[in-house]
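Beneath this line is the structure, given in structure tokens, with notes to follow.
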Amino acid sequence: MINKWCIILLVLFSILLSQTSIAQRIKDITSVAGVRSNQLIGYGLVVGLDGTGDKSPFTNQTFINMMTEFGITIPPGTDPKLKNIAAVSLTSNLPPFAKPGQNIDVTISSIGNAKSLRGGTLLFAPLKGADGNVYAVAQGNLVVGGFGAEGRDGSRITVNVPSVGRIPNGATVERAVANAFARGDSLVLNLNSPDFTTSKRLADRINTLLGPNTAYSMDATSVRVSAPRDPNQRVSFLSLIENLNVTPAEATAKVIINSRTGTIVIGKHVIIDAVAVTHGSLTVTVKEGFEVDQPNALADGETVVVPKTEVNIDEENNRMFIFAPGVSLDEIVKAVNEVGAAPGDLMAILEALKQAGALNAELIVI
């Protein structure tokens, strides 16, 4: 007897071949609950530096402890005066389903006053998770993109950041992280951008193919989908599900302002209520100078220097423009361009519109 899930998979496969929709794939807008990466952190020593190491007390302590592990005793109170060693922190991401023996990248950052990690080698260092267990070990030669040079007079030049490096595939996974992917009789798909409309469309798309009540929206983020218990069938089932096309809902009306760079992004659905706006600038120029006051040759008096002040006021005659109710994004841009508003002026106009209650959008300043 043919398994029910096998029939469903065959039907899904045939439908996928005939799809011509330009909507986004489910795999591009969702993630599977429980399938996630985990951050790892560690501490270690980088050796072999060309005199660019650090002189921090904890670096000496770490070096002495390492020598003790190798059976070498350094007399108490001895200062190793290290120049070619640096204490570093290690960070890495453990991908989901990573298995022991696989390799992952590692980023190494100086935590002392080392000038550069260029040319260094990381010694054996464990990488731990949030639970304190060791999930990987790292070792290898660093790849450093930055470099620096210093003169005897103290002048120096630095390109990029020489105190941070990477070791591609520099850590070996030692322990796998368990997840709930193969447990239960269902999977939960979480939207990358929560939206009630998109959540409903996602559930409807799956139900159209697999039948009613196969998927249902739990909230604006999560959609639960019934799935086969057999791990092999579950992988094939999810492979087909994530390649289905769904049209996401359009984003809410937003205006994003980056006050540091002057970047302004206006969303598609931004609407302006009836309002009048004027844009102009008043320039006041004050020039301080001096002039010599010299008396007539036949008159008594002294030659003196007196201050002279000139004040000029220039005002641009820019026109006032009026927004009718329901003005669209295109009309907003045209109106602002006509008065020649710079990014800084446009920020002030948008903030004033929001305060006046005429801007029907969320104003976000980053």
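Each chain of the structure tokens is named A, B, ... in the order shown, its residues numbered from 1; ligands are numbered from 1 in display order.
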- Message: For the alpha helix (DSSP H) assignment from backbone DSSP, which residues of range 47-103 of chain A qualify? Please present them as a ChimeraX atom specification.
- Response: /A:57-69
- DSSP says strand (DSSP E or B) for which residues of range 40-270 of chain A? Put them as a ChimeraX atom specification? /A:40-47,86-94,103-110,121-128,134-141,143,147-150,156-159,164-173,186-191,215-217,222-226,245-246,254-258,263-266
- If you measure from CA of Asn93 in chain A to CA of Arg175 in chain A, what distance in Å do you get, rounded to one decimal?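 These atoms are spaced 13.3 Å apart.
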- Would you list the contacts of Leu142 in chain A as a PyMOL selection string, taking every protein, DNA or RNA residue within 12 Å and counting only C-alpha atoms, but skipping same-chain residues closer than 6 positions in sequence? chain A and resi 45-49+88+90+105-109+116-123+162-170
Residues just named, written with C-alpha atoms as a PDB file, in the first residue's frame:
ATOM      1  CA  LEU A  45      46.620  33.003  22.594  1.00  0.00           C
ATOM      2  CA  VAL A  46      48.001  34.082  19.231  1.00  0.00           C
ATOM      3  CA  VAL A  47      51.748  33.543  18.899  1.00  0.00           C
ATOM      4  CA  GLY A  48      54.387  34.281  16.279  1.00  0.00           C
ATOM      5  CA  LEU A  49      53.721  38.015  16.020  1.00  0.00           C
ATOM      6  CA  VAL A  88      42.428  37.095  21.941  1.00  0.00           C
ATOM      7  CA  LEU A  90      37.221  33.812  19.628  1.00  0.00           C
ATOM      8  CA  ASP A 105      34.951  29.669  10.480  1.00  0.00           C
ATOM      9  CA  VAL A 106      36.379  31.529  13.462  1.00  0.00           C
ATOM     10  CA  THR A 107      36.883  35.257  14.076  1.00  0.00           C
ATOM     11  CA  ILE A 108      39.773  36.263  16.344  1.00  0.00           C
ATOM     12  CA  SER A 109      39.893  39.686  18.042  1.00  0.00           C
ATOM     13  CA  SER A 116      48.504  43.755  15.008  1.00  0.00           C
ATOM     14  CA  LEU A 117      47.672  40.050  14.705  1.00  0.00           C
ATOM     15  CA  ARG A 118      49.160  39.825  11.221  1.00  0.00           C
ATOM     16  CA  GLY A 119      51.253  36.702  10.724  1.00  0.00           C
ATOM     17  CA  GLY A 120      50.094  35.111  13.979  1.00  0.00           C
ATOM     18  CA  THR A 121      49.019  31.561  14.771  1.00  0.00           C
ATOM     19  CA  LEU A 122      46.185  30.709  17.121  1.00  0.00           C
ATOM     20  CA  LEU A 123      47.012  27.976  19.599  1.00  0.00           C
ATOM     21  CA  PRO A 162      44.904  44.783  11.974  1.00  0.00           C
ATOM     22  CA  SER A 163      43.774  43.649  15.442  1.00  0.00           C
ATOM     23  CA  VAL A 164      41.035  41.350  14.041  1.00  0.00           C
ATOM     24  CA  GLY A 165      41.531  38.255  11.881  1.00  0.00           C
ATOM     25  CA  ARG A 166      39.788  35.117  10.706  1.00  0.00           C
ATOM     26  CA  ILE A 167      40.605  31.458  10.254  1.00  0.00           C
ATOM     27  CA  PRO A 168      38.428  29.967   7.501  1.00  0.00           C
ATOM     28  CA  ASN A 169      37.368  26.464   8.581  1.00  0.00           C
ATOM     29  CA  GLY A 170      39.610  26.989  11.586  1.00  0.00           C
TER      30      GLY A 170
END
- Using only C-alpha atoms, which residues sit within 6 Å of range 247-257 of chain A once same-chain residues fewer than 2 positions away are excluded, as number ranges by chain? A: 23, 197-198, 259, 263-267, 269-270, 361-365
Dump C-alpha atoms for the selected residues as a short mmCIF file (atom, residue, chain, number, x, y, z; two decimals), in the first residue's frame?
data_model
loop_
_atom_site.label_atom_id
_atom_site.label_comp_id
_atom_site.auth_asym_id
_atom_site.auth_seq_id
_atom_site.Cartn_x
_atom_site.Cartn_y
_atom_site.Cartn_z
CA ALA A 23 5.88 35.55 -5.83
CA THR A 197 -2.00 38.89 5.94
CA THR A 198 1.14 37.04 4.90
CA SER A 259 20.03 61.48 10.61
CA THR A 263 19.33 59.09 3.90
CA ILE A 264 15.53 59.19 3.65
CA VAL A 265 13.38 56.26 2.51
CA ILE A 266 9.65 56.80 1.95
CA GLY A 267 7.43 53.72 1.70
CA HIS A 269 1.80 53.57 1.02
CA VAL A 270 2.77 56.87 2.67
CA ALA A 361 2.86 56.79 8.26
CA GLU A 362 5.24 55.62 10.95
CA LEU A 363 8.22 57.97 11.19
CA ILE A 364 11.37 56.09 12.20
CA VAL A 365 14.65 57.92 12.91
#
- Query: Could you pull the residues within 6 Å of Thr172 in chain A, counting only C-alpha atoms, minus those fewer than 5 positions along the same chain, as a list in words?
  - Reply: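 Final neighbour list, sorted by chain and number: Gly101, Gln102, Asn103, Ala136 and Val137 of chain A.
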What would the file look like if the residues just selected were written as an mmCIF file, in the first residue's frame with C-alpha atoms?
data_model
loop_
_atom_site.group_PDB
_atom_site.id
_atom_site.type_symbol
_atom_site.label_atom_id
_atom_site.label_comp_id
_atom_site.auth_asym_id
_atom_site.auth_seq_id
_atom_site.Cartn_x
_atom_site.Cartn_y
_atom_site.Cartn_z
ATOM 1 C CA GLY A 101 34.176 16.533 12.501
ATOM 2 C CA GLN A 102 32.818 19.355 10.328
ATOM 3 C CA ASN A 103 34.695 22.674 10.146
ATOM 4 C CA ALA A 136 34.273 23.135 18.909
ATOM 5 C CA VAL A 137 38.041 23.615 19.127
#
- Note on the structure: re CA of Arg183 in chain A and CA of Tyr135 in chain A: distance 22.9 Å
- Message: Can you tell me which residues surround Asn133 in chain A at a distance of at most 10 Å, considering only C-alpha atoms, apart from same-chain residues fewer than 4 positions away, and format the answer as a PyMOL selection string?
- Response: chain A and resi 40+126-129+175
Can you spit out the residues from that selection as a compact mmCIF listing (two decimals), in the first residue's frame, using all heavy atoms?
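Saved the output as selection.txt:
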# COMPACT_ATOMS: atom_id res chain seq x y z
N LEU A 40 29.09 30.74 19.58
CA LEU A 40 30.15 30.16 20.39
C LEU A 40 31.18 31.23 20.72
O LEU A 40 31.38 32.16 19.94
CB LEU A 40 30.83 29.00 19.66
CG LEU A 40 29.94 27.85 19.19
CD1 LEU A 40 30.78 26.81 18.46
CD2 LEU A 40 29.20 27.21 20.36
N PRO A 126 39.40 26.14 23.04
CA PRO A 126 38.03 25.62 22.99
C PRO A 126 37.02 26.73 22.75
O PRO A 126 37.22 27.88 23.14
CB PRO A 126 37.84 25.00 24.38
CG PRO A 126 38.74 25.81 25.26
CD PRO A 126 39.92 26.21 24.42
N LEU A 127 35.91 26.37 22.09
CA LEU A 127 34.79 27.29 21.86
C LEU A 127 33.59 26.74 22.61
O LEU A 127 33.18 25.60 22.39
CB LEU A 127 34.49 27.41 20.37
CG LEU A 127 35.52 28.18 19.53
CD1 LEU A 127 35.30 27.91 18.06
CD2 LEU A 127 35.44 29.66 19.82
N LYS A 128 33.01 27.57 23.47
CA LYS A 128 31.92 27.13 24.33
C LYS A 128 30.61 27.80 23.94
O LYS A 128 30.59 28.89 23.37
CB LYS A 128 32.23 27.44 25.80
CG LYS A 128 33.47 26.72 26.33
CD LYS A 128 33.70 27.04 27.79
CE LYS A 128 34.91 26.29 28.34
NZ LYS A 128 35.14 26.58 29.78
N GLY A 129 29.51 27.11 24.27
CA GLY A 129 28.18 27.66 24.05
C GLY A 129 27.66 28.34 25.30
O GLY A 129 28.36 28.47 26.31
N ARG A 175 30.81 18.61 19.14
CA ARG A 175 29.54 18.17 19.72
C ARG A 175 28.39 18.76 18.91
O ARG A 175 28.43 19.93 18.52
CB ARG A 175 29.44 18.64 21.18
CG ARG A 175 28.13 18.28 21.84
CD ARG A 175 28.05 18.81 23.26
NE ARG A 175 29.14 18.31 24.09
CZ ARG A 175 29.16 18.37 25.42
NH1 ARG A 175 28.14 18.91 26.05
NH2 ARG A 175 30.19 17.92 26.10
Residue neighbourhood Val225 in chain A, 10 Å, only C-alpha atoms, exclusion window fewer than 6 positions, as a PDB file with all heavy atoms, in the first residue's frame:
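Okay, this is what ended up in selection31.pdb:
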ATOM      1  N   ASP A 185       4.359  15.537  15.064  1.00  0.00           N
ATOM      2  CA  ASP A 185       3.701  15.319  13.780  1.00  0.00           C
ATOM      3  C   ASP A 185       3.431  16.613  13.034  1.00  0.00           C
ATOM      4  O   ASP A 185       2.550  16.685  12.179  1.00  0.00           O
ATOM      5  CB  ASP A 185       2.389  14.557  13.987  1.00  0.00           C
ATOM      6  CG  ASP A 185       1.466  15.293  14.941  1.00  0.00           C
ATOM      7  OD1 ASP A 185       1.856  16.368  15.450  1.00  0.00           O
ATOM      8  OD2 ASP A 185       0.354  14.801  15.181  1.00  0.00           O
ATOM      9  N   SER A 186       4.172  17.674  13.367  1.00  0.00           N
ATOM     10  CA  SER A 186       3.974  18.949  12.691  1.00  0.00           C
ATOM     11  C   SER A 186       5.251  19.778  12.716  1.00  0.00           C
ATOM     12  O   SER A 186       6.174  19.507  13.500  1.00  0.00           O
ATOM     13  CB  SER A 186       2.831  19.742  13.347  1.00  0.00           C
ATOM     14  OG  SER A 186       3.167  20.076  14.685  1.00  0.00           O
ATOM     15  N   LEU A 187       5.304  20.784  11.845  1.00  0.00           N
ATOM     16  CA  LEU A 187       6.389  21.753  11.793  1.00  0.00           C
ATOM     17  C   LEU A 187       5.800  23.150  11.923  1.00  0.00           C
ATOM     18  O   LEU A 187       4.656  23.393  11.534  1.00  0.00           O
ATOM     19  CB  LEU A 187       7.164  21.646  10.477  1.00  0.00           C
ATOM     20  CG  LEU A 187       7.978  20.375  10.234  1.00  0.00           C
ATOM     21  CD1 LEU A 187       8.488  20.362   8.797  1.00  0.00           C
ATOM     22  CD2 LEU A 187       9.149  20.308  11.209  1.00  0.00           C
ATOM     23  N   VAL A 188       6.579  24.077  12.443  1.00  0.00           N
ATOM     24  CA  VAL A 188       6.146  25.465  12.573  1.00  0.00           C
ATOM     25  C   VAL A 188       7.051  26.333  11.709  1.00  0.00           C
ATOM     26  O   VAL A 188       8.271  26.304  11.842  1.00  0.00           O
ATOM     27  CB  VAL A 188       6.189  25.950  14.036  1.00  0.00           C
ATOM     28  CG1 VAL A 188       5.833  27.433  14.112  1.00  0.00           C
ATOM     29  CG2 VAL A 188       5.240  25.134  14.892  1.00  0.00           C
ATOM     30  N   LEU A 189       6.438  27.083  10.796  1.00  0.00           N
ATOM     31  CA  LEU A 189       7.154  28.027   9.938  1.00  0.00           C
ATOM     32  C   LEU A 189       6.986  29.426  10.506  1.00  0.00           C
ATOM     33  O   LEU A 189       5.850  29.889  10.708  1.00  0.00           O
ATOM     34  CB  LEU A 189       6.625  27.978   8.507  1.00  0.00           C
ATOM     35  CG  LEU A 189       6.706  26.616   7.793  1.00  0.00           C
ATOM     36  CD1 LEU A 189       6.079  26.710   6.412  1.00  0.00           C
ATOM     37  CD2 LEU A 189       8.155  26.141   7.697  1.00  0.00           C
ATOM     38  N   ALA A 203      -0.750  29.983   4.994  1.00  0.00           N
ATOM     39  CA  ALA A 203      -1.569  28.830   5.380  1.00  0.00           C
ATOM     40  C   ALA A 203      -2.533  28.438   4.258  1.00  0.00           C
ATOM     41  O   ALA A 203      -2.706  27.246   3.968  1.00  0.00           O
ATOM     42  CB  ALA A 203      -2.337  29.146   6.666  1.00  0.00           C
ATOM     43  N   ILE A 206      -0.752  26.480   1.406  1.00  0.00           N
ATOM     44  CA  ILE A 206      -0.464  25.084   1.725  1.00  0.00           C
ATOM     45  C   ILE A 206      -1.750  24.267   1.754  1.00  0.00           C
ATOM     46  O   ILE A 206      -1.794  23.128   1.256  1.00  0.00           O
ATOM     47  CB  ILE A 206       0.287  24.992   3.069  1.00  0.00           C
ATOM     48  CG1 ILE A 206       1.647  25.696   2.965  1.00  0.00           C
ATOM     49  CG2 ILE A 206       0.484  23.539   3.482  1.00  0.00           C
ATOM     50  CD1 ILE A 206       2.407  25.764   4.271  1.00  0.00           C
ATOM     51  N   ASN A 207      -2.818  24.838   2.317  1.00  0.00           N
ATOM     52  CA  ASN A 207      -4.092  24.116   2.391  1.00  0.00           C
ATOM     53  C   ASN A 207      -4.684  23.871   1.014  1.00  0.00           C
ATOM     54  O   ASN A 207      -5.378  22.867   0.787  1.00  0.00           O
ATOM     55  CB  ASN A 207      -5.085  24.890   3.255  1.00  0.00           C
ATOM     56  CG  ASN A 207      -4.742  24.817   4.734  1.00  0.00           C
ATOM     57  OD1 ASN A 207      -4.107  23.850   5.177  1.00  0.00           O
ATOM     58  ND2 ASN A 207      -5.128  25.825   5.486  1.00  0.00           N
ATOM     59  N   ASN A 213      -7.156  22.309   6.744  1.00  0.00           N
ATOM     60  CA  ASN A 213      -6.640  22.045   8.093  1.00  0.00           C
ATOM     61  C   ASN A 213      -5.250  21.416   8.102  1.00  0.00           C
ATOM     62  O   ASN A 213      -4.788  20.975   9.152  1.00  0.00           O
ATOM     63  CB  ASN A 213      -7.605  21.149   8.879  1.00  0.00           C
ATOM     64  CG  ASN A 213      -8.985  21.750   9.001  1.00  0.00           C
ATOM     65  OD1 ASN A 213      -9.127  22.964   9.150  1.00  0.00           O
ATOM     66  ND2 ASN A 213     -10.012  20.903   8.928  1.00  0.00           N
ATOM     67  N   THR A 214      -4.571  21.369   6.966  1.00  0.00           N
ATOM     68  CA  THR A 214      -3.179  20.905   6.976  1.00  0.00           C
ATOM     69  C   THR A 214      -2.276  21.953   7.609  1.00  0.00           C
ATOM     70  O   THR A 214      -1.331  21.626   8.316  1.00  0.00           O
ATOM     71  CB  THR A 214      -2.705  20.603   5.541  1.00  0.00           C
ATOM     72  OG1 THR A 214      -3.552  19.611   4.975  1.00  0.00           O
ATOM     73  CG2 THR A 214      -1.278  20.102   5.538  1.00  0.00           C
ATOM     74  N   ALA A 215      -2.570  23.206   7.355  1.00  0.00           N
ATOM     75  CA  ALA A 215      -1.811  24.314   7.932  1.00  0.00           C
ATOM     76  C   ALA A 215      -2.777  25.337   8.495  1.00  0.00           C
ATOM     77  O   ALA A 215      -3.871  25.538   7.956  1.00  0.00           O
ATOM     78  CB  ALA A 215      -0.919  24.957   6.872  1.00  0.00           C
ATOM     79  N   TYR A 216      -2.394  25.956   9.590  1.00  0.00           N
ATOM     80  CA  TYR A 216      -3.215  27.029  10.144  1.00  0.00           C
ATOM     81  C   TYR A 216      -2.308  28.076  10.784  1.00  0.00           C
ATOM     82  O   TYR A 216      -1.231  27.769  11.307  1.00  0.00           O
ATOM     83  CB  TYR A 216      -4.235  26.504  11.156  1.00  0.00           C
ATOM     84  CG  TYR A 216      -3.653  25.967  12.439  1.00  0.00           C
ATOM     85  CD1 TYR A 216      -3.500  26.798  13.557  1.00  0.00           C
ATOM     86  CD2 TYR A 216      -3.260  24.644  12.556  1.00  0.00           C
ATOM     87  CE1 TYR A 216      -2.970  26.320  14.738  1.00  0.00           C
ATOM     88  CE2 TYR A 216      -2.732  24.151  13.742  1.00  0.00           C
ATOM     89  CZ  TYR A 216      -2.592  24.998  14.827  1.00  0.00           C
ATOM     90  OH  TYR A 216      -2.062  24.510  15.999  1.00  0.00           O
ATOM     91  N   SER A 217      -2.758  29.321  10.711  1.00  0.00           N
ATOM     92  CA  SER A 217      -1.982  30.431  11.250  1.00  0.00           C
ATOM     93  C   SER A 217      -2.160  30.505  12.763  1.00  0.00           C
ATOM     94  O   SER A 217      -3.284  30.609  13.260  1.00  0.00           O
ATOM     95  CB  SER A 217      -2.422  31.751  10.602  1.00  0.00           C
ATOM     96  OG  SER A 217      -2.208  31.729   9.207  1.00  0.00           O
ATOM     97  N   LEU A 238       9.397  18.942   3.468  1.00  0.00           N
ATOM     98  CA  LEU A 238       9.775  20.331   3.697  1.00  0.00           C
ATOM     99  C   LEU A 238      10.497  20.910   2.487  1.00  0.00           C
ATOM    100  O   LEU A 238      10.345  22.098   2.174  1.00  0.00           O
ATOM    101  CB  LEU A 238      10.657  20.433   4.940  1.00  0.00           C
ATOM    102  CG  LEU A 238      11.049  21.848   5.374  1.00  0.00           C
ATOM    103  CD1 LEU A 238       9.803  22.681   5.657  1.00  0.00           C
ATOM    104  CD2 LEU A 238      11.952  21.809   6.595  1.00  0.00           C
ATOM    105  N   ILE A 241       7.689  21.984   0.259  1.00  0.00           N
ATOM    106  CA  ILE A 241       6.908  23.068   0.858  1.00  0.00           C
ATOM    107  C   ILE A 241       7.655  24.392   0.737  1.00  0.00           C
ATOM    108  O   ILE A 241       7.085  25.423   0.371  1.00  0.00           O
ATOM    109  CB  ILE A 241       6.598  22.759   2.336  1.00  0.00           C
ATOM    110  CG1 ILE A 241       5.506  21.706   2.450  1.00  0.00           C
ATOM    111  CG2 ILE A 241       6.161  24.037   3.069  1.00  0.00           C
ATOM    112  CD1 ILE A 241       4.145  22.164   2.022  1.00  0.00           C
TER     113      ILE A 241
END
- Query: How far is it from CA of Gly71 in chain A to CA of Gly51 in chain A, in Å with one decimal?
  - Reply: 26.0 Å
